[in-house]
>>> print(open('coords29.pdb').read())   # PDB, C-alpha atoms, pLDDT in the B column
ATOM      1  CA  MET A   1     226.463  21.692  -1.458  1.00 47.00           C
ATOM      2  CA  LEU A   2     224.792  24.762   0.006  1.00 60.00           C
ATOM      3  CA  SER A   3     224.382  27.274  -2.820  1.00 75.00           C
ATOM      4  CA  ARG A   4     222.975  30.739  -3.345  1.00 81.00           C
ATOM      5  CA  GLN A   5     219.962  29.138  -4.993  1.00 81.00           C
ATOM      6  CA  ASP A   6     219.320  26.919  -1.964  1.00 79.00           C
ATOM      7  CA  VAL A   7     219.349  29.926   0.363  1.00 84.00           C
ATOM      8  CA  VAL A   8     217.159  32.021  -1.942  1.00 85.00           C
ATOM      9  CA  GLY A   9     214.628  29.187  -2.116  1.00 80.00           C
ATOM     10  CA  ARG A  10     214.497  28.936   1.678  1.00 80.00           C
ATOM     11  CA  LEU A  11     214.136  32.711   2.053  1.00 85.00           C
ATOM     12  CA  ASP A  12     211.266  32.635  -0.437  1.00 82.00           C
ATOM     13  CA  GLY A  13     209.629  29.951   1.708  1.00 77.00           C
ATOM     14  CA  LEU A  14     209.967  32.085   4.825  1.00 79.00           C
ATOM     15  CA  ILE A  15     208.434  35.076   3.054  1.00 81.00           C
ATOM     16  CA  VAL A  16     205.520  32.908   1.923  1.00 74.00           C
ATOM     17  CA  GLY A  17     205.230  31.693   5.517  1.00 70.00           C
ATOM     18  CA  ALA A  18     204.723  35.274   6.673  1.00 73.00           C
ATOM     19  CA  ASP A  19     201.840  35.641   4.218  1.00 67.00           C
ATOM     20  CA  ALA A  20     200.338  32.437   5.613  1.00 61.00           C
ATOM     21  CA  LEU A  21     200.507  33.847   9.147  1.00 60.00           C
ATOM     22  CA  ARG A  22     198.415  36.805   8.031  1.00 60.00           C
ATOM     23  CA  ALA A  23     195.800  34.463   6.578  1.00 55.00           C
ATOM     24  CA  VAL A  24     195.331  31.906   9.382  1.00 50.00           C
ATOM     25  CA  SER A  25     192.694  32.288  12.059  1.00 42.00           C
ATOM     26  CA  ARG A  26     193.414  34.637  14.945  1.00 43.00           C
ATOM     27  CA  LYS A  27     193.454  31.728  17.386  1.00 40.00           C
ATOM     28  CA  HIS A  28     196.629  30.380  15.810  1.00 40.00           C
ATOM     29  CA  MET A  29     198.569  33.565  15.115  1.00 44.00           C
ATOM     30  CA  THR A  30     202.009  32.995  16.614  1.00 53.00           C
ATOM     31  CA  TRP A  31     204.339  35.567  15.111  1.00 63.00           C
ATOM     32  CA  ASP A  32     207.133  34.597  17.495  1.00 64.00           C
ATOM     33  CA  LEU A  33     207.469  31.152  15.918  1.00 65.00           C
ATOM     34  CA  TRP A  34     208.073  32.690  12.492  1.00 73.00           C
ATOM     35  CA  ILE A  35     210.636  35.104  13.936  1.00 77.00           C
ATOM     36  CA  ASP A  36     212.455  32.240  15.666  1.00 73.00           C
ATOM     37  CA  GLU A  37     212.471  30.205  12.459  1.00 75.00           C
ATOM     38  CA  VAL A  38     213.934  33.095  10.452  1.00 83.00           C
ATOM     39  CA  GLU A  39     216.623  33.854  13.033  1.00 81.00           C
ATOM     40  CA  SER A  40     217.611  30.195  13.290  1.00 77.00           C
ATOM     41  CA  PHE A  41     217.996  29.914   9.510  1.00 80.00           C
ATOM     42  CA  LEU A  42     219.958  33.161   9.172  1.00 85.00           C
ATOM     43  CA  ARG A  43     222.264  32.220  12.048  1.00 81.00           C
ATOM     44  CA  ARG A  44     223.022  28.769  10.631  1.00 76.00           C
ATOM     45  CA  THR A  45     223.557  29.841   7.041  1.00 81.00           C
ATOM     46  CA  LEU A  46     224.669  33.482   6.934  1.00 86.00           C
ATOM     47  CA  GLY A  47     226.006  34.044  10.460  1.00 82.00           C
ATOM     48  CA  GLY A  48     225.140  35.862  13.659  1.00 82.00           C
ATOM     49  CA  ASP A  49     225.667  39.363  12.251  1.00 88.00           C
ATOM     50  CA  VAL A  50     222.921  38.856   9.650  1.00 89.00           C
ATOM     51  CA  GLU A  51     220.635  37.426  12.320  1.00 87.00           C
ATOM     52  CA  LYS A  52     221.186  40.536  14.487  1.00 87.00           C
ATOM     53  CA  GLU A  53     220.558  42.792  11.492  1.00 89.00           C
ATOM     54  CA  PHE A  54     217.202  41.087  10.950  1.00 89.00           C
ATOM     55  CA  ARG A  55     216.263  41.446  14.621  1.00 84.00           C
ATOM     56  CA  LYS A  56     217.092  45.174  14.592  1.00 85.00           C
ATOM     57  CA  ALA A  57     214.720  45.685  11.658  1.00 84.00           C
ATOM     58  CA  LEU A  58     211.732  44.644  13.766  1.00 77.00           C
ATOM     59  CA  THR A  59     209.575  47.219  15.528  1.00 62.00           C
ATOM     60  CA  PRO A  60     211.241  48.167  18.835  1.00 56.00           C
ATOM     61  CA  GLY A  61     209.242  46.906  21.796  1.00 50.00           C
ATOM     62  CA  ALA A  62     207.066  44.546  19.771  1.00 49.00           C
ATOM     63  CA  VAL A  63     206.518  41.503  21.954  1.00 47.00           C
ATOM     64  CA  LEU A  64     205.352  38.814  19.541  1.00 45.00           C
ATOM     65  CA  THR A  65     202.967  36.505  21.371  1.00 44.00           C
ATOM     66  CA  PHE A  66     199.839  34.431  20.997  1.00 40.00           C
ATOM     67  CA  GLY A  67     196.667  36.473  20.548  1.00 46.00           C
ATOM     68  CA  ASP A  68     194.828  38.812  18.262  1.00 47.00           C
ATOM     69  CA  PRO A  69     196.864  40.569  15.542  1.00 49.00           C
ATOM     70  CA  GLN A  70     197.487  44.052  16.852  1.00 56.00           C
ATOM     71  CA  PRO A  71     198.923  46.675  14.464  1.00 60.00           C
ATOM     72  CA  ILE A  72     202.370  46.546  16.089  1.00 60.00           C
ATOM     73  CA  TYR A  73     202.594  42.797  15.354  1.00 66.00           C
ATOM     74  CA  LEU A  74     201.605  43.288  11.729  1.00 70.00           C
ATOM     75  CA  GLU A  75     204.123  46.117  11.409  1.00 75.00           C
ATOM     76  CA  ALA A  76     206.897  43.953  12.869  1.00 73.00           C
ATOM     77  CA  LEU A  77     205.987  41.115  10.521  1.00 75.00           C
ATOM     78  CA  GLN A  78     206.079  43.399   7.476  1.00 81.00           C
ATOM     79  CA  GLN A  79     209.415  44.900   8.514  1.00 84.00           C
ATOM     80  CA  GLY A  80     210.801  41.396   8.891  1.00 84.00           C
ATOM     81  CA  VAL A  81     209.606  40.492   5.396  1.00 87.00           C
ATOM     82  CA  ASN A  82     211.144  43.689   3.990  1.00 90.00           C
ATOM     83  CA  LYS A  83     214.497  42.887   5.600  1.00 91.00           C
ATOM     84  CA  LEU A  84     214.398  39.313   4.248  1.00 91.00           C
ATOM     85  CA  ALA A  85     213.820  40.734   0.763  1.00 92.00           C
ATOM     86  CA  VAL A  86     216.953  42.880   1.169  1.00 93.00           C
ATOM     87  CA  ILE A  87     218.986  39.896   2.395  1.00 93.00           C
ATOM     88  CA  ARG A  88     217.658  37.821  -0.523  1.00 91.00           C
ATOM     89  CA  LYS A  89     218.967  40.392  -3.026  1.00 92.00           C
ATOM     90  CA  ARG A  90     222.371  40.324  -1.333  1.00 92.00           C
ATOM     91  CA  VAL A  91     222.500  36.523  -1.537  1.00 91.00           C
ATOM     92  CA  ILE A  92     221.750  36.648  -5.273  1.00 90.00           C
ATOM     93  CA  ARG A  93     224.445  39.296  -5.689  1.00 90.00           C
ATOM     94  CA  GLY A  94     226.983  37.065  -3.948  1.00 88.00           C
ATOM     95  CA  ASP A  95     227.550  39.256  -0.887  1.00 89.00           C
ATOM     96  CA  TYR A  96     227.371  36.250   1.463  1.00 86.00           C
ATOM     97  CA  ASP A  97     229.396  33.711  -0.523  1.00 85.00           C
ATOM     98  CA  ALA A  98     232.153  33.687   2.111  1.00 82.00           C
ATOM     99  CA  GLN A  99     229.640  32.977   4.882  1.00 79.00           C
ATOM    100  CA  LEU A 100     228.037  30.178   2.874  1.00 77.00           C
ATOM    101  CA  GLU A 101     231.416  28.561   2.286  1.00 73.00           C
ATOM    102  CA  GLY A 102     232.235  28.795   5.991  1.00 62.00           C
ATOM    103  CA  THR A 103     228.865  27.310   6.941  1.00 55.00           C
ATOM    104  CA  LEU A 104     229.427  24.382   4.602  1.00 47.00           C
ATOM    105  CA  LYS A 105     232.878  23.671   6.041  1.00 47.00           C
ATOM    106  CA  GLY A 106     231.409  23.748   9.544  1.00 43.00           C
ATOM    107  CA  VAL A 107     228.783  21.170   8.589  1.00 42.00           C
ATOM    108  CA  GLU A 108     231.449  18.929   7.054  1.00 41.00           C
ATOM    109  CA  ARG A 109     233.540  19.093  10.245  1.00 40.00           C
ATOM    110  CA  GLU A 110     230.572  18.176  12.420  1.00 43.00           C
ATOM    111  CA  GLY A 111     229.619  15.206  10.270  1.00 48.00           C
ATOM    112  CA  ALA A 112     226.598  14.377   8.136  1.00 63.00           C
ATOM    113  CA  VAL A 113     223.188  15.461   9.411  1.00 80.00           C
ATOM    114  CA  PRO A 114     220.281  13.154   8.465  1.00 86.00           C
ATOM    115  CA  SER A 115     217.494  14.725   6.409  1.00 90.00           C
ATOM    116  CA  ILE A 116     213.777  14.113   6.989  1.00 92.00           C
ATOM    117  CA  PHE A 117     211.200  14.926   4.310  1.00 93.00           C
ATOM    118  CA  ILE A 118     207.996  16.604   5.548  1.00 92.00           C
ATOM    119  CA  ALA A 119     204.733  16.219   3.620  1.00 88.00           C
ATOM    120  CA  HIS A 120     202.287  18.913   4.715  1.00 84.00           C
ATOM    121  CA  SER A 121     199.377  21.155   3.774  1.00 75.00           C
ATOM    122  CA  GLY A 122     199.855  24.910   3.982  1.00 72.00           C
ATOM    123  CA  GLU A 123     202.199  26.521   6.487  1.00 73.00           C
ATOM    124  CA  PRO A 124     200.475  26.730   9.884  1.00 78.00           C
ATOM    125  CA  PRO A 125     202.521  27.891  12.890  1.00 81.00           C
ATOM    126  CA  ALA A 126     202.778  24.283  14.088  1.00 85.00           C
ATOM    127  CA  LEU A 127     204.854  23.450  11.004  1.00 86.00           C
ATOM    128  CA  PHE A 128     207.500  25.973  12.038  1.00 86.00           C
ATOM    129  CA  ARG A 129     207.562  24.445  15.532  1.00 86.00           C
ATOM    130  CA  LEU A 130     208.103  20.994  14.007  1.00 89.00           C
ATOM    131  CA  THR A 131     211.033  22.164  11.859  1.00 88.00           C
ATOM    132  CA  ARG A 132     212.645  23.868  14.866  1.00 83.00           C
ATOM    133  CA  PHE A 133     212.230  20.707  16.927  1.00 87.00           C
ATOM    134  CA  LEU A 134     213.906  18.571  14.254  1.00 88.00           C
ATOM    135  CA  GLU A 135     216.796  21.017  14.006  1.00 83.00           C
ATOM    136  CA  ALA A 136     217.228  20.789  17.783  1.00 79.00           C
ATOM    137  CA  LEU A 137     217.576  17.009  17.308  1.00 82.00           C
ATOM    138  CA  ARG A 138     220.298  17.686  14.694  1.00 82.00           C
ATOM    139  CA  VAL A 139     217.996  16.540  11.918  1.00 87.00           C
ATOM    140  CA  LYS A 140     217.488  18.592   8.751  1.00 87.00           C
ATOM    141  CA  PRO A 141     213.825  19.144   7.809  1.00 90.00           C
ATOM    142  CA  VAL A 142     213.235  19.075   4.044  1.00 91.00           C
ATOM    143  CA  ILE A 143     210.113  20.723   2.603  1.00 89.00           C
ATOM    144  CA  ALA A 144     209.657  20.593  -1.166  1.00 86.00           C
ATOM    145  CA  GLU A 145     207.917  23.957  -1.436  1.00 82.00           C
ATOM    146  CA  TRP A 146     210.830  25.710   0.253  1.00 82.00           C
ATOM    147  CA  LEU A 147     213.304  24.566  -2.419  1.00 83.00           C
ATOM    148  CA  PRO A 148     213.763  25.885  -5.987  1.00 83.00           C
ATOM    149  CA  PHE A 149     211.357  24.183  -8.411  1.00 83.00           C
ATOM    150  CA  LYS A 150     213.577  24.701 -11.479  1.00 83.00           C
ATOM    151  CA  GLY A 151     210.535  24.246 -13.740  1.00 84.00           C
ATOM    152  CA  ARG A 152     209.468  20.928 -12.185  1.00 84.00           C
ATOM    153  CA  GLN A 153     205.859  19.919 -11.645  1.00 84.00           C
ATOM    154  CA  VAL A 154     204.787  19.301  -8.044  1.00 78.00           C
ATOM    155  CA  PRO A 155     205.207  15.480  -7.981  1.00 79.00           C
ATOM    156  CA  ASP A 156     208.663  15.727  -9.600  1.00 85.00           C
ATOM    157  CA  GLN A 157     209.635  18.480  -7.149  1.00 84.00           C
ATOM    158  CA  ALA A 158     208.624  16.227  -4.237  1.00 84.00           C
ATOM    159  CA  ARG A 159     210.652  13.293  -5.596  1.00 86.00           C
ATOM    160  CA  SER A 160     213.684  15.520  -6.110  1.00 87.00           C
ATOM    161  CA  ALA A 161     213.425  16.901  -2.568  1.00 88.00           C
ATOM    162  CA  MET A 162     213.257  13.346  -1.174  1.00 89.00           C
ATOM    163  CA  ASP A 163     216.663  12.481  -2.623  1.00 86.00           C
ATOM    164  CA  GLY A 164     219.091  12.116   0.253  1.00 84.00           C
ATOM    165  CA  CYS A 165     216.357  11.898   2.907  1.00 90.00           C
ATOM    166  CA  VAL A 166     216.393   8.891   5.229  1.00 90.00           C
ATOM    167  CA  ALA A 167     212.784   9.047   6.474  1.00 91.00           C
ATOM    168  CA  ALA A 168     209.630  11.138   6.219  1.00 92.00           C
ATOM    169  CA  ILE A 169     206.963  12.786   8.327  1.00 92.00           C
ATOM    170  CA  VAL A 170     203.368  13.227   7.174  1.00 89.00           C
ATOM    171  CA  PHE A 171     202.215  16.377   8.968  1.00 89.00           C
ATOM    172  CA  ALA A 172     198.486  16.246   8.304  1.00 83.00           C
ATOM    173  CA  THR A 173     196.762  19.501   9.225  1.00 82.00           C
ATOM    174  CA  ALA A 174     193.176  20.382   8.380  1.00 75.00           C
ATOM    175  CA  ALA A 175     193.025  21.937   4.927  1.00 68.00           C
ATOM    176  CA  ASP A 176     189.787  20.895   3.216  1.00 52.00           C
ATOM    177  CA  ALA A 177     186.288  20.042   4.424  1.00 50.00           C
ATOM    178  CA  VAL A 178     184.411  17.327   2.515  1.00 50.00           C
ATOM    179  CA  ALA A 179     180.905  16.399   3.670  1.00 49.00           C
ATOM    180  CA  GLU A 180     181.663  17.888   7.104  1.00 60.00           C
ATOM    181  CA  ARG A 181     184.892  15.849   7.360  1.00 61.00           C
ATOM    182  CA  LYS A 182     188.272  17.511   7.707  1.00 70.00           C
ATOM    183  CA  GLN A 183     191.089  16.145   5.589  1.00 65.00           C
ATOM    184  CA  PRO A 184     194.625  17.135   4.574  1.00 64.00           C
ATOM    185  CA  GLY A 185     195.243  19.159   1.433  1.00 63.00           C
ATOM    186  CA  ARG A 186     195.863  17.497  -1.913  1.00 64.00           C
ATOM    187  CA  GLY A 187     199.573  18.260  -1.755  1.00 63.00           C
ATOM    188  CA  ALA A 188     200.061  16.249   1.422  1.00 66.00           C
ATOM    189  CA  LEU A 189     198.001  13.337   0.089  1.00 65.00           C
ATOM    190  CA  THR A 190     199.893  13.326  -3.217  1.00 65.00           C
ATOM    191  CA  GLU A 191     203.272  13.357  -1.460  1.00 70.00           C
ATOM    192  CA  THR A 192     202.130  10.608   0.939  1.00 71.00           C
ATOM    193  CA  GLY A 193     201.640   8.171  -1.937  1.00 71.00           C
ATOM    194  CA  ILE A 194     205.160   8.902  -3.173  1.00 80.00           C
ATOM    195  CA  LEU A 195     206.548   8.576   0.366  1.00 83.00           C
ATOM    196  CA  GLN A 196     205.236   5.049   0.766  1.00 79.00           C
ATOM    197  CA  GLU A 197     207.091   3.996  -2.372  1.00 81.00           C
ATOM    198  CA  ARG A 198     210.304   5.730  -1.299  1.00 84.00           C
ATOM    199  CA  PHE A 199     210.533   5.170   2.472  1.00 87.00           C
ATOM    200  CA  GLY A 200     208.349   2.155   3.266  1.00 83.00           C
ATOM    201  CA  GLN A 201     208.074   1.829   7.051  1.00 84.00           C
ATOM    202  CA  LYS A 202     210.212   4.900   7.767  1.00 89.00           C
ATOM    203  CA  ILE A 203     207.242   7.257   7.770  1.00 89.00           C
ATOM    204  CA  ILE A 204     205.873   9.032  10.854  1.00 91.00           C
ATOM    205  CA  TYR A 205     202.223  10.098  10.696  1.00 88.00           C
ATOM    206  CA  LEU A 206     201.344  13.191  12.756  1.00 89.00           C
ATOM    207  CA  VAL A 207     197.663  14.096  12.428  1.00 86.00           C
ATOM    208  CA  GLU A 208     195.823  17.176  13.659  1.00 86.00           C
ATOM    209  CA  GLU A 209     192.860  16.243  15.836  1.00 85.00           C
ATOM    210  CA  GLY A 210     189.670  15.963  13.784  1.00 80.00           C
ATOM    211  CA  VAL A 211     191.462  15.225  10.504  1.00 80.00           C
ATOM    212  CA  GLU A 212     190.663  11.996   8.647  1.00 73.00           C
ATOM    213  CA  LEU A 213     193.373  10.525   6.439  1.00 68.00           C
ATOM    214  CA  GLY A 214     191.020   8.267   4.506  1.00 63.00           C
ATOM    215  CA  PRO A 215     190.618   4.472   4.241  1.00 57.00           C
ATOM    216  CA  MET A 216     193.967   3.897   2.509  1.00 55.00           C
ATOM    217  CA  LEU A 217     195.887   5.337   5.481  1.00 59.00           C
ATOM    218  CA  ASP A 218     193.628   4.319   8.375  1.00 58.00           C
ATOM    219  CA  SER A 219     195.702   1.204   9.078  1.00 59.00           C
ATOM    220  CA  PHE A 220     198.865   3.200   9.811  1.00 68.00           C
ATOM    221  CA  ALA A 221     199.713   4.191  13.376  1.00 69.00           C
ATOM    222  CA  ARG A 222     199.638   7.917  13.973  1.00 79.00           C
ATOM    223  CA  GLU A 223     200.026  10.495  16.732  1.00 87.00           C
ATOM    224  CA  PHE A 224     197.477  13.266  17.128  1.00 87.00           C
ATOM    225  CA  PHE A 225     198.220  16.908  17.928  1.00 88.00           C
ATOM    226  CA  THR A 226     196.625  20.335  18.080  1.00 87.00           C
ATOM    227  CA  GLN A 227     198.087  23.594  16.798  1.00 82.00           C
ATOM    228  CA  ASP A 228     198.716  24.640  20.394  1.00 83.00           C
ATOM    229  CA  CYS A 229     199.977  21.312  21.777  1.00 87.00           C
ATOM    230  CA  LEU A 230     202.616  19.258  19.973  1.00 87.00           C
ATOM    231  CA  GLU A 231     204.289  17.506  22.906  1.00 86.00           C
ATOM    232  CA  ARG A 232     202.880  14.051  22.137  1.00 88.00           C
ATOM    233  CA  ALA A 233     203.757  14.423  18.482  1.00 89.00           C
ATOM    234  CA  PHE A 234     207.327  15.435  19.354  1.00 89.00           C
ATOM    235  CA  SER A 235     207.665  12.434  21.680  1.00 88.00           C
ATOM    236  CA  ARG A 236     206.496  10.120  18.894  1.00 88.00           C
ATOM    237  CA  VAL A 237     209.047  11.629  16.511  1.00 90.00           C
ATOM    238  CA  VAL A 238     211.874  10.922  18.970  1.00 89.00           C
ATOM    239  CA  VAL A 239     210.690   7.343  19.573  1.00 88.00           C
ATOM    240  CA  GLU A 240     210.415   6.556  15.863  1.00 89.00           C
ATOM    241  CA  LEU A 241     213.705   8.188  14.865  1.00 88.00           C
ATOM    242  CA  LYS A 242     215.512   6.307  17.610  1.00 86.00           C
ATOM    243  CA  GLY A 243     213.779   3.111  16.553  1.00 87.00           C
ATOM    244  CA  HIS A 244     215.168   3.543  13.050  1.00 85.00           C
ATOM    245  CA  ALA A 245     218.616   4.474  14.428  1.00 83.00           C
ATOM    246  CA  ILE A 246     218.433   7.913  12.818  1.00 86.00           C
ATOM    247  CA  ILE A 247     219.232   9.784  16.025  1.00 79.00           C
TER
END
>>> encode(input="coords29.pdb", output="structure tokens")
Amino acid sequence: MLSRQDVVGRLDGLIVGADALRAVSRKHMTWDLWIDEVESFLRRTLGGDVEKEFRKALTPGAVLTFGDPQPIYLEALQQGVNKLAVIRKRVIRGDYDAQLEGTLKGVEREGAVPSIFIAHSGEPPALFRLTRFLEALRVKPVIAEWLPFKGRQVPDQARSAMDGCVAAIVFATAADAVAERKQPGRGALTETGILQERFGQKIIYLVEEGVELGPMLDSFAREFFTQDCLERAFSRVVVELKGHAII
């Protein structure tokens, strides 16, 4: 059941995602992807009026595009974060309970939507593009860090988030450099071991070009991508999900 706590956890994840956008290299700054992700979530959970309220909070005339972070982009990003913080307080207060109940009934009428767990490192812009793509396929992306931890340690949080998921995606982006080799972060590698126990062959490996998964995962088929080009990765996702009769 969709609860206040679920929505608050997702809003917290979006706010953290904005901080990540400030930290990534200029080459990969794509503010528009974060805005689209926020608007999609608000529209689906709290309704179109809340989505419009968020959009109005952004700097008028700010065209969020690829490129160097100009002050107007940073200002728009901060205003978006401030508005999300306001919406978060309202959710906790119960102001949107009626909308949440209506959203849940709408999901029940449309039928069950399959959930896919995503193991990842950090929150690069490409991750937001992947979640949007899955939602367009009528698949629910599940990311452990975006859900309430409730005092759990990271491995237990990952196992809890996997409950109800029918498959998984390992989204391996460059996080650490070891002896001049790029590899995913520890979180993604830790979750990958748990995924193999839980999902067996229903795991899709998407690997950023230049990243090495290590000898234990070298035997698994994977699709490569770059932060700016995900088309091949998206095609592989569709092929695999259809192969497992998920979509």
>>> residues_around(input="coords29.pdb", residues="stretch 203-206 of chain A", least_positions_apart="6", cutoff="6 Å", atoms="only C-alpha atoms", output="PDB file with C-alpha atoms, in the coordinates of the input")
ATOM      1  CA  ALA A 167     212.784   9.047   6.474  1.00 91.00           C
ATOM      2  CA  ALA A 168     209.630  11.138   6.219  1.00 92.00           C
ATOM      3  CA  ILE A 169     206.963  12.786   8.327  1.00 92.00           C
ATOM      4  CA  VAL A 170     203.368  13.227   7.174  1.00 89.00           C
ATOM      5  CA  PHE A 171     202.215  16.377   8.968  1.00 89.00           C
ATOM      6  CA  ARG A 222     199.638   7.917  13.973  1.00 79.00           C
ATOM      7  CA  GLU A 223     200.026  10.495  16.732  1.00 87.00           C
ATOM      8  CA  PHE A 224     197.477  13.266  17.128  1.00 87.00           C
TER       9      PHE A 224
END
>>> closest_residue(input="coords29.pdb", among="A:Arg152, A:Lys242, A:Arg4, A:Arg198", to="A:Gly94", atoms="only C-alpha atoms")
A:Arg4
>>> closest_residue(input="coords29.pdb", among="A:Ser115, A:Ser40, A:Gln99, A:Thr45", to="A:Val8", atoms="only C-alpha atoms")
A:Thr45
>>> atom_distance(input="coords29.pdb", atom1="atom CA of A:Cys165", atom2="atom CA of A:Phe149")
17.4 Å
>>> atom_distance(input="coords29.pdb", atom1="atom CA of A:Val154", atom2="atom CA of A:Pro125")
22.7 Å
>>> atom_distance(input="coords29.pdb", atom1="atom CA of A:Ser3", atom2="atom CA of A:Ala161")
15.1 Å
